[in-house]
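Worksheet for the structure shown next.
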Amino acid sequence: MLDEPRSGRLAAWGNALIAGLVPPDDAAHHITGDDTAHRVAGLPGESGPVGLTLALGRLRALGAAGLRVALPVPGHPLGLSGPPEFNARALEAEEAVLAAGAALGLVPRVREAGPAADVPAADRHVEVVWDCLPVREAPPADVPSLGEAERELAEALREATEALSRLDVAGSGPVAQAALEAYRARAERGREVLAPGYPARAARVLELAQRVGALIAIAHGTGGDGREHGGAVSASEMAARAEALRPVERTARRAQVAAYNAFVEGRERDRR
């Protein structure tokens, strides 16, 4: 959770495009990020995979009023609404995007080629295909309001900080600390957390959720990219970390989804 999920970039910049706040090429550029290419497969009316700009335009023509994010994990179908087939695919990927008003969802398949995975993402060849599948138009599972997410995160940040101290995570080594410093430096550079059109509170909630996620990654002994930082811990210590941080991680994921989905929620409130 050091960086935004691909589904978050797709939803945020796709929403800005749907609202007419950014041109198609800008949206596609931000969604692709450091990846080599993104395509969408299975769109109604298309015989094969298409590029992002065409796909987003087609979704809008099919009735999509906005895009929501789902970040499910086993035992927590966060942001999903069914049917079971789509939920299973999203759970396998641990993320998905739902097109509100079009009854369609997108699940990423990621293929990497080229240098080893421990090189920077910009030096790898990463292709992403978003599979378009039917979804059920229903309220997404377990997504809090922005206000709820912000209150929960304040407590989660305290818990994560206490857990770092209690579990003596400083022993994870200098690489872990370097990862946290890199996160802080990136935040201080004033990076664009969300696309145009999102409320300031959503950006604030997402930034705090990513900060909590960074602490969780450090506590688990990784930099958010899954790589170990060399902290010598026993199996029992690893289990204790996981148990202590599980509710904090759940809160941070819920807050991320609330932030990304704030655009659609706001538009729906305005129409009532």
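Within each chain, counting starts at residue 1; across the structure tokens, chains are named A, B, ... in the order shown, with ligands numbered 1 upward in that order.
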message = I'd like the contact shell of Ala103 in chain A - 6 Å cut-off, only C-alpha atoms, skipping same-chain residues fewer than 4 positions apart - returned as JSON, numbers by chain.
response = {"A": [134, 135, 136, 137]}
task = Compile the contact shell of range 51-63 of chain A as a ChimeraX atom specification: residues with an atom at most 9 Å away, counting only C-alpha atoms, same-chain residues fewer than 5 positions apart removed.
result = /A:14,17-18,24-25,27-28,31-32,37-41,43-45,99-104
request  = List every residue of range 66-175 of chain A that DSSP, applied to the backbone of this structure, assigns to strand (DSSP E or B), and report them as a ChimeraX atom specification.
outcome  = /A:66-70,73,76,96-100,104-113,125-134
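Put simply, CA of Ala259 in chain A is 25.6 Å away from CA of Glu243 in chain A.
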task = Considering only C-alpha atoms, return as an MDAnalysis selection string whatever protein or nucleic-acid residues lie within 12 Å of Leu91 in chain A, sequence-local ones (same chain, fewer than 2 positions apart) excluded.
result = chainID A and resid 70:80 82 84:89 93:97 107:108
inquiry  = Report, in Å to a single decimal, how far apart CA of Ser236 in chain A and CA of Glu152 in chain A are.
reply    =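 Taking CA of Glu152 in chain A and CA of Ser236 in chain A, their separation equals 28.1 Å.
Computed from the coordinates, the CA of Gly197 in chain A to CA of Gln210 in chain A distance equals 19.9 Å.
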query = If you run DSSP on this backbone, which residues of range 65-101 of chain A come out as alpha helix (DSSP H), and could you give them as a ChimeraX atom specification?
reply = /A:84-93
